[in-house]
file final_20.txt (compact mmCIF, C-alpha atoms)
# COMPACT_ATOMS: atom_id res chain seq x y z
CA MET A 187 18.30 -43.52 -7.42
CA THR A 188 21.49 -41.61 -6.64
CA ASP A 189 22.23 -39.88 -3.34
CA ARG A 190 21.73 -36.56 -5.08
CA ASP A 191 18.31 -37.61 -6.40
CA ARG A 192 17.35 -38.89 -2.98
CA PHE A 193 18.39 -35.64 -1.37
CA GLU A 194 16.47 -33.59 -3.95
CA LYS A 195 13.41 -35.75 -3.27
CA LEU A 196 13.84 -35.15 0.45
CA LEU A 197 14.10 -31.40 -0.20
CA SER A 198 10.95 -31.43 -2.33
CA GLU A 199 9.08 -33.35 0.37
CA SER A 200 10.36 -31.10 3.15
CA LEU A 201 9.45 -27.96 1.22
CA ARG A 202 6.15 -29.22 -0.14
CA ARG A 203 3.27 -26.83 -0.12
CA ILE A 204 1.76 -26.11 3.31
CA GLN A 205 -2.00 -25.54 3.25
CA PRO A 206 -3.07 -22.25 4.80
CA PRO A 207 -5.47 -22.24 7.75
CA PRO A 208 -9.10 -22.36 6.57
CA ASN A 209 -9.88 -18.90 7.99
CA LEU A 210 -7.09 -17.11 6.08
CA GLU A 211 -9.28 -16.28 3.08
CA GLY A 212 -11.98 -14.79 5.33
CA ARG A 213 -9.39 -12.86 7.32
CA ILE A 214 -7.91 -11.33 4.15
CA LEU A 215 -11.36 -10.42 2.77
CA ARG A 216 -12.36 -8.83 6.10
CA SER A 217 -9.14 -6.85 6.17
CA LEU A 218 -9.77 -5.74 2.59
CA ARG A 219 -13.29 -4.58 3.46
CA ARG A 220 -11.94 -2.67 6.48
CA ARG A 221 -9.32 -0.99 4.30
CA GLN A 222 -11.93 -0.10 1.67
CA ALA A 223 -14.17 1.38 4.39
CA VAL A 224 -11.23 3.44 5.70
CA ASN A 225 -10.47 4.64 2.15
CA ARG A 226 -14.14 5.45 1.57
CA ASN A 227 -14.30 7.42 4.83
CA PHE A 228 -11.13 9.24 3.84
CA TRP A 229 -12.63 10.37 0.53
CA ILE A 230 -15.89 11.32 2.23
CA ARG A 231 -13.88 13.53 4.62
CA VAL A 232 -11.96 15.04 1.71
CA ALA A 233 -15.22 15.76 -0.16
CA ALA A 234 -16.78 17.29 2.97
CA ALA A 235 -13.71 19.48 3.48
CA VAL A 236 -13.84 20.65 -0.16
CA VAL A 237 -17.58 21.45 0.07
CA LEU A 238 -17.05 23.30 3.36
CA THR A 239 -14.14 25.33 1.93
CA ILE A 240 -16.15 26.30 -1.15
CA THR A 241 -19.19 27.19 0.97
CA VAL A 242 -17.11 29.36 3.32
CA TRP A 243 -15.39 31.05 0.35
CA PHE A 244 -18.70 31.86 -1.35
CA GLY A 245 -20.17 32.95 1.99
CA LEU A 246 -17.33 35.40 2.60
CA ARG A 247 -17.60 36.72 -0.94
CA TRP A 248 -21.39 37.16 -0.56
CA ARG A 249 -20.88 38.99 2.76
CA ASP A 250 -18.28 41.36 1.20
CA GLU A 251 -20.61 41.98 -1.74
CA ARG A 252 -23.52 42.78 0.59
CA ARG A 253 -21.27 45.10 2.61
CA ARG A 254 -20.20 46.96 -0.56
CA GLU A 255 -23.83 47.24 -1.73
CA GLN A 256 -24.81 48.67 1.67
CA GLN A 257 -21.95 51.21 1.55
CA ALA A 258 -22.94 52.20 -2.01
CA LEU A 259 -26.55 52.73 -0.89
CA GLU A 260 -25.49 54.89 2.03
CA ILE A 261 -23.22 57.01 -0.22
CA ARG A 262 -26.03 57.41 -2.73
CA GLN A 263 -28.44 58.53 -0.02
CA LYS A 264 -25.86 61.03 1.29
CA LEU A 265 -25.26 62.32 -2.24
CA GLU A 266 -29.01 62.72 -2.85
CA LEU A 267 -29.34 64.60 0.44
CA ALA A 268 -26.38 66.86 -0.48
CA LEU A 269 -27.85 67.55 -3.93
CA ARG A 270 -31.27 68.29 -2.39
CA ILE A 271 -29.67 70.76 0.13
CA ALA A 272 -27.61 72.39 -2.63
CA ASN A 273 -30.73 72.67 -4.84
CA ASP A 274 -32.71 74.28 -2.00
CA LYS A 275 -29.88 76.77 -1.36
CA LEU A 276 -29.62 77.62 -5.06
CA ALA A 277 -33.42 78.12 -5.29
CA GLU A 278 -33.28 80.34 -2.21
CA ALA A 279 -30.42 82.41 -3.74
CA ASP A 280 -32.33 82.68 -7.02
CA ARG A 281 -35.41 83.93 -5.18
CA GLU A 282 -33.30 86.53 -3.28
CA LEU A 283 -31.70 87.74 -6.54
CA ASN A 284 -35.14 88.07 -8.14
CA ARG A 285 -36.36 89.98 -5.11
CA ILE A 286 -33.57 92.59 -5.40
CA GLY A 287 -34.02 92.79 -9.17
CA VAL A 288 -30.86 91.05 -10.39
CA ARG A 289 -31.58 89.36 -13.72
CA GLU A 290 -28.13 88.27 -14.70
CA VAL A 291 -25.08 87.23 -12.65
CA ARG A 292 -21.65 87.25 -14.30
CA PHE A 293 -19.25 84.48 -13.18
CA GLU A 294 -16.50 87.07 -12.56
CA GLU A 295 -18.79 88.67 -9.93
CA VAL A 296 -19.30 85.49 -7.91
CA GLY A 297 -15.81 84.07 -8.34
CA PRO A 298 -13.27 83.95 -5.46
CA MET B 256 -12.56 -10.16 -16.02
CA LEU B 257 -10.24 -11.00 -13.11
CA ARG B 258 -11.88 -11.43 -9.74
CA PHE B 259 -9.82 -10.85 -6.62
CA VAL B 260 -11.61 -13.61 -4.69
CA ASP B 261 -10.76 -16.16 -7.38
CA LEU B 262 -7.10 -15.18 -7.34
CA LEU B 263 -7.08 -15.32 -3.54
CA ARG B 264 -8.62 -18.82 -3.52
CA GLU B 265 -6.24 -20.09 -6.19
CA HIS B 266 -2.95 -18.67 -4.95
CA GLN B 267 -3.24 -18.19 -1.19
CA ALA B 268 -1.66 -21.60 -0.53
CA MET B 269 1.31 -20.78 -2.78
CA VAL B 270 2.02 -17.48 -1.02
CA TYR B 271 1.30 -18.77 2.49
CA SER B 272 3.46 -21.85 2.01
CA LEU B 273 6.35 -19.80 0.62
CA ALA B 274 6.13 -17.45 3.61
CA CYS B 275 5.73 -20.31 6.07
CA HIS B 276 8.82 -22.14 4.81
CA ALA B 277 10.82 -18.92 4.58
CA LEU B 278 9.88 -17.49 7.98
CA GLY B 279 9.17 -20.68 9.93
CA ASP B 280 6.38 -18.82 11.71
CA PRO B 281 2.76 -19.55 10.69
CA VAL B 282 1.43 -16.33 12.26
CA ALA B 283 3.99 -14.17 10.45
CA ALA B 284 3.27 -16.15 7.27
CA GLU B 285 -0.45 -15.31 7.59
CA ASP B 286 0.38 -11.61 8.07
CA LEU B 287 2.71 -11.63 5.08
CA THR B 288 0.15 -13.44 2.91
CA GLN B 289 -2.47 -10.87 3.89
CA ASP B 290 -0.13 -7.97 3.03
CA VAL B 291 0.75 -9.50 -0.33
CA PHE B 292 -2.91 -9.99 -1.28
CA LEU B 293 -3.90 -6.50 -0.14
CA ALA B 294 -1.11 -5.18 -2.37
CA LEU B 295 -2.41 -7.42 -5.18
CA HIS B 296 -5.85 -5.87 -4.76
CA GLU B 297 -4.38 -2.42 -5.29
CA HIS B 298 -2.76 -3.66 -8.52
CA MET B 299 -5.86 -5.40 -9.89
CA ASP B 300 -6.52 -2.75 -12.53
CA ARG B 301 -3.02 -3.27 -13.93
CA LEU B 302 -3.25 -7.06 -14.19
CA GLU B 303 -4.22 -8.41 -17.58
CA SER B 304 -4.73 -12.12 -16.90
CA ALA B 305 -4.67 -14.82 -14.25
CA ALA B 306 -1.17 -15.77 -15.43
CA HIS B 307 -0.07 -12.16 -15.03
CA ALA B 308 -1.50 -12.12 -11.50
CA LYS B 309 0.35 -15.34 -10.60
CA ALA B 310 3.60 -13.94 -11.99
CA TRP B 311 3.02 -10.76 -9.97
CA LEU B 312 2.51 -12.81 -6.79
CA LEU B 313 5.59 -14.92 -7.49
CA ARG B 314 7.62 -11.75 -7.95
CA VAL B 315 6.31 -9.86 -4.93
CA ALA B 316 5.91 -12.63 -2.33
CA PRO B 317 9.56 -13.81 -2.35
CA ARG B 318 10.77 -10.21 -2.08
CA ARG B 319 8.49 -9.58 0.88
CA CYS B 320 9.82 -12.79 2.43
CA ILE B 321 13.42 -11.65 1.95
CA ASP B 322 12.60 -8.26 3.50
CA GLU B 323 10.84 -9.91 6.44
CA ILE B 324 13.71 -12.37 7.01
CA ARG B 325 16.14 -9.46 7.10
CA LYS B 326 13.91 -7.51 9.49
CA ARG B 327 13.66 -10.52 11.78
CA ARG B 328 17.37 -11.33 11.60
CA HIS B 329 18.03 -9.91 15.06
CA ARG B 330 15.33 -12.21 16.40
CA ALA B 331 16.78 -15.29 14.70
CA GLY B 332 16.61 -18.66 16.38
CA PRO B 333 19.55 -20.77 17.50
CA PRO B 334 22.41 -21.38 15.05
CA LEU B 335 22.31 -24.40 12.80
CA GLU B 336 24.92 -26.24 14.81
CA ALA B 337 22.71 -25.92 17.89
CA ILE B 338 19.72 -27.32 16.02
CA GLU B 339 21.81 -30.24 14.85
CA ALA B 340 23.29 -30.88 18.26
CA ALA B 341 20.07 -30.51 20.23
CA SER B 342 17.82 -32.52 17.94
CA ALA B 343 17.37 -36.18 18.52
CA PRO B 344 18.51 -38.41 15.66
CA PRO B 345 15.71 -38.58 13.09
CA GLN B 346 13.49 -41.51 13.89
CA ASP B 347 11.31 -41.22 10.83
CA GLU B 348 10.78 -39.21 7.67
CA LEU B 349 8.66 -36.61 9.43
CA VAL B 350 11.41 -35.73 11.91
CA LEU B 351 13.95 -35.73 9.09
CA ARG B 352 11.82 -33.29 7.08
CA GLU B 353 11.41 -31.04 10.11
CA GLN B 354 15.18 -30.97 10.51
CA VAL B 355 15.63 -30.14 6.84
CA GLN B 356 13.06 -27.34 7.19
CA ALA B 357 14.90 -25.97 10.23
CA MET B 358 18.18 -26.10 8.30
CA VAL B 359 16.59 -24.32 5.35
CA ARG B 360 15.42 -21.56 7.70
CA ARG B 361 19.01 -20.97 8.79
CA LEU B 362 20.14 -20.25 5.22
CA PRO B 363 20.67 -16.63 4.12
CA ALA B 364 17.46 -14.87 2.99
CA ARG B 365 18.03 -15.00 -0.76
CA ALA B 366 19.38 -18.53 -0.83
CA ARG B 367 16.44 -19.66 1.30
CA THR B 368 13.90 -18.04 -1.01
CA VAL B 369 15.56 -19.43 -4.12
CA LEU B 370 15.56 -22.92 -2.60
CA ILE B 371 11.86 -22.72 -1.66
CA LEU B 372 10.84 -21.45 -5.11
CA ARG B 373 12.84 -24.28 -6.67
CA TYR B 374 11.60 -27.12 -4.48
CA GLN B 375 8.15 -25.96 -3.40
CA ASP B 376 6.93 -24.59 -6.70
CA GLY B 377 9.28 -26.48 -9.01
CA LEU B 378 10.38 -23.31 -10.77
CA ALA B 379 13.34 -23.50 -13.13
CA PRO B 380 16.43 -21.41 -12.29
CA ALA B 381 15.66 -19.16 -15.28
CA GLU B 382 12.14 -18.45 -13.95
CA ILE B 383 13.48 -17.71 -10.46
CA ALA B 384 16.12 -15.43 -11.96
CA SER B 385 13.44 -13.56 -13.86
CA LEU B 386 11.25 -13.18 -10.75
CA LEU B 387 14.07 -11.96 -8.53
CA GLU B 388 15.70 -9.95 -11.34
CA VAL B 389 19.10 -11.54 -10.89
CA PRO B 390 21.28 -13.42 -13.43
CA VAL B 391 20.49 -17.12 -13.96
CA GLU B 392 24.06 -17.98 -13.01
CA THR B 393 23.53 -16.30 -9.64
CA VAL B 394 20.43 -18.40 -9.00
CA LYS B 395 22.22 -21.59 -10.04
CA SER B 396 25.17 -20.76 -7.84
CA ARG B 397 22.91 -19.99 -4.84
CA LEU B 398 21.02 -23.22 -5.37
CA HIS B 399 24.21 -25.22 -5.75
CA ARG B 400 25.71 -23.70 -2.62
CA ALA B 401 22.52 -24.07 -0.55
CA VAL B 402 21.93 -27.68 -1.60
CA GLY B 403 25.59 -28.55 -1.01
CA LEU B 404 25.52 -26.96 2.44
CA LEU B 405 22.31 -28.71 3.47
CA ARG B 406 23.47 -32.03 2.07
CA GLY B 407 26.80 -31.84 3.86
CA ARG B 408 25.17 -30.95 7.19
CA LEU B 409 22.51 -33.60 6.85
CA THR B 410 25.03 -36.25 5.87
CA ARG B 411 27.11 -35.43 8.94
CA ARG B 412 23.95 -35.46 11.03
CA LEU B 413 22.97 -38.89 9.74
CA ALA B 414 26.47 -40.36 9.88
CA GLY B 415 25.66 -42.35 13.00
CA GLU B 416 22.38 -43.68 11.65
CA PRO B 417 21.97 -47.32 10.59
CA ALA B 418 22.49 -48.07 6.92
CA GLY B 419 19.48 -47.42 4.74
CA ARG B 420 18.30 -44.43 6.75
CA LYS B 421 20.55 -41.95 5.00
CA ALA B 422 18.83 -39.37 2.83

call {"tool": "encode", "arguments": {"input": "final_20.txt", "output": "structure tokens"}}
result
Amino acid sequence: MTDRDRFEKLLSESLRRIQPPPNLEGRILRSLRRRQAVNRNFWIRVAAAVVLTITVWFGLRWRDERRREQQALEIRQKLELALRIANDKLAEADRELNRIGVREVRFEEVGP
Amino acid sequence: MLRFVDLLREHQAMVYSLACHALGDPVAAEDLTQDVFLALHEHMDRLESAAHAKAWLLRVAPRRCIDEIRKRRHRAGPPLEAIEAASAPPQDELVLREQVQAMVRRLPARARTVLILRYQDGLAPAEIASLLEVPVETVKSRLHRAVGLLRGRLTRRLAGEPAGRKA
């Protein structure tokens, strides 16, 4: 065996495989489970945030819609009231015209 | 179907030993091994076979070792000359091996990693070159230089030893 061979043998022996501590496998698996739990919690938080955002968005839209419906109802009621008042006034004017014997009213006569 | 636990059981010694020799610190070697296997787990869906997984580990682990050695450079131990001077003459093979290991740990990061891959795992220079993505000639030259340096230092160290004890 030459010096070089002897030295290479010494190197191989010095750098031979070192066995890991027996708990290394368990430690890595525990760390992996912790990381998976963290990832799972992260995605649960993301999902909750998405659901909350969508719920709030739909809620705001529903509230605006209800507000518009309410405004439309109020306008309709006001319009009906105005039409009823105008109808009463017209009926009253018609009765007055009948009372004084007017049968026909030309538009030129009532215009501004 | 590749199972992470099987790969961990089969290759943890390879990665740990590489890190242990490269860093000379069993605790840091455990941390590095853990990081490498957690990264492996993230790549599981891209690995096609056990051989592919081993190749992946042999590519990633040495690079992590080189990065870690460079990070820890400012915390490096005493220079090689100090180790040689302070150590008692090797009384037996065990002490001699420990001195060789200490000398290996004083080599530059890449040369150290190349030497460990060559002598721990018996990889050919071409395989090491492929793993580290450097030319084969570079690997051969690093090996040649590292072995020559270690041999010279060890020979000087053993010069005073009785005949027959030289490595």

call {"tool": "closest_atom_pairs", "arguments": {"input": "final_20.txt", "of": "chain B", "to": "chain A", "cutoff": "7 Å", "atoms": "only C-alpha atoms", "output": "CSV"}}
result
residue,atom,partner,partner_atom,distance
B:Ala268,CA,A:Gln205,CA,5.5
B:Met269,CA,A:Arg203,CA,6.9
B:Tyr271,CA,A:Pro206,CA,6.0
B:Ser272,CA,A:Ile204,CA,4.8
B:His276,CA,A:Leu201,CA,6.9
B:Gln289,CA,A:Ile214,CA,5.5
B:Leu293,CA,A:Leu218,CA,6.5
B:Arg352,CA,A:Ser200,CA,4.7
B:Val355,CA,A:Ser200,CA,6.5
B:Gln356,CA,A:Ser200,CA,6.1
B:Ile371,CA,A:Leu201,CA,6.4
B:Tyr374,CA,A:Ser198,CA,4.9
B:Gln375,CA,A:Arg202,CA,5.0
B:Ala422,CA,A:Phe193,CA,5.6

call {"tool": "atom_distance", "arguments": {"input": "final_20.txt", "atom1": "CA of Glu388 in chain B", "atom2": "CA of Leu362 in chain B"}}
result
20.0 Å

call {"tool": "closest_residue", "arguments": {"input": "final_20.txt", "among": "B:Ala308, B:Val282, B:Ala364, B:Leu287", "to": "Leu263 in chain B", "atoms": "only C-alpha atoms"}}
result
B:Ala308

call {"tool": "atom_distance", "arguments": {"input": "final_20.txt", "atom1": "CA of Lys395 in chain B", "atom2": "CA of His307 in chain B"}}
result
24.7 Å

call {"tool": "closest_residue", "arguments": {"input": "final_20.txt", "among": "B:Ile383, B:Leu349, B:Leu257, B:Ala366", "to": "Glu303 in chain B", "atoms": "only C-alpha atoms"}}
result
B:Leu257

call {"tool": "atom_distance", "arguments": {"input": "final_20.txt", "atom1": "CA of Val389 in chain B", "atom2": "CA of Pro317 in chain B"}}
result
13.0 Å

call {"tool": "residues_around", "arguments": {"input": "final_20.txt", "residues": "Ile324 in chain B", "least_positions_apart": "3", "cutoff": "8 Å", "atoms": "only C-alpha atoms", "output": "list in words"}}
result
Ala277, Leu278, Cys320, Ile321, Arg327, Arg328 and Ala364 of chain B

call {"tool": "closest_residue", "arguments": {"input": "final_20.txt", "among": "B:Arg325, B:Arg367, B:Arg361, B:Arg319", "to": "Asp286 in chain B", "atoms": "only C-alpha atoms"}}
result
B:Arg319

call {"tool": "build_atoms", "arguments": {"input": "final_20.txt", "residues": "range 288-301 of chain B", "atoms": "N, CA and C atoms", "output": "PDB file, in the frame of the given file"}}
result
ATOM      1  N   THR B 288       1.080 -13.074   3.979  1.00  0.00           N
ATOM      2  CA  THR B 288       0.150 -13.440   2.910  1.00  0.00           C
ATOM      3  C   THR B 288      -0.935 -12.367   2.778  1.00  0.00           C
ATOM      4  N   GLN B 289      -1.435 -11.914   3.913  1.00  0.00           N
ATOM      5  CA  GLN B 289      -2.470 -10.870   3.890  1.00  0.00           C
ATOM      6  C   GLN B 289      -1.924  -9.587   3.222  1.00  0.00           C
ATOM      7  N   ASP B 290      -0.726  -9.184   3.611  1.00  0.00           N
ATOM      8  CA  ASP B 290      -0.130  -7.970   3.030  1.00  0.00           C
ATOM      9  C   ASP B 290       0.036  -8.106   1.522  1.00  0.00           C
ATOM     10  N   VAL B 291       0.519  -9.287   1.101  1.00  0.00           N
ATOM     11  CA  VAL B 291       0.750  -9.500  -0.330  1.00  0.00           C
ATOM     12  C   VAL B 291      -0.572  -9.408  -1.105  1.00  0.00           C
ATOM     13  N   PHE B 292      -1.634 -10.016  -0.559  1.00  0.00           N
ATOM     14  CA  PHE B 292      -2.910  -9.990  -1.280  1.00  0.00           C
ATOM     15  C   PHE B 292      -3.574  -8.615  -1.235  1.00  0.00           C
ATOM     16  N   LEU B 293      -3.366  -7.872  -0.167  1.00  0.00           N
ATOM     17  CA  LEU B 293      -3.900  -6.500  -0.140  1.00  0.00           C
ATOM     18  C   LEU B 293      -3.174  -5.656  -1.187  1.00  0.00           C
ATOM     19  N   ALA B 294      -1.868  -5.896  -1.326  1.00  0.00           N
ATOM     20  CA  ALA B 294      -1.110  -5.180  -2.370  1.00  0.00           C
ATOM     21  C   ALA B 294      -1.594  -5.616  -3.753  1.00  0.00           C
ATOM     22  N   LEU B 295      -1.882  -6.919  -3.894  1.00  0.00           N
ATOM     23  CA  LEU B 295      -2.410  -7.420  -5.180  1.00  0.00           C
ATOM     24  C   LEU B 295      -3.712  -6.700  -5.528  1.00  0.00           C
ATOM     25  N   HIS B 296      -4.564  -6.532  -4.512  1.00  0.00           N
ATOM     26  CA  HIS B 296      -5.850  -5.870  -4.760  1.00  0.00           C
ATOM     27  C   HIS B 296      -5.660  -4.463  -5.300  1.00  0.00           C
ATOM     28  N   GLU B 297      -4.631  -3.780  -4.805  1.00  0.00           N
ATOM     29  CA  GLU B 297      -4.380  -2.420  -5.290  1.00  0.00           C
ATOM     30  C   GLU B 297      -3.869  -2.416  -6.723  1.00  0.00           C
ATOM     31  N   HIS B 298      -3.310  -3.570  -7.158  1.00  0.00           N
ATOM     32  CA  HIS B 298      -2.760  -3.660  -8.520  1.00  0.00           C
ATOM     33  C   HIS B 298      -3.734  -4.311  -9.505  1.00  0.00           C
ATOM     34  N   MET B 299      -4.938  -4.637  -9.047  1.00  0.00           N
ATOM     35  CA  MET B 299      -5.860  -5.400  -9.890  1.00  0.00           C
ATOM     36  C   MET B 299      -6.106  -4.745 -11.249  1.00  0.00           C
ATOM     37  N   ASP B 300      -6.206  -3.415 -11.264  1.00  0.00           N
ATOM     38  CA  ASP B 300      -6.520  -2.750 -12.530  1.00  0.00           C
ATOM     39  C   ASP B 300      -5.367  -2.812 -13.517  1.00  0.00           C
ATOM     40  N   ARG B 301      -4.173  -3.186 -13.040  1.00  0.00           N
ATOM     41  CA  ARG B 301      -3.020  -3.270 -13.930  1.00  0.00           C
ATOM     42  C   ARG B 301      -2.710  -4.714 -14.345  1.00  0.00           C
TER      43      ARG B 301
END
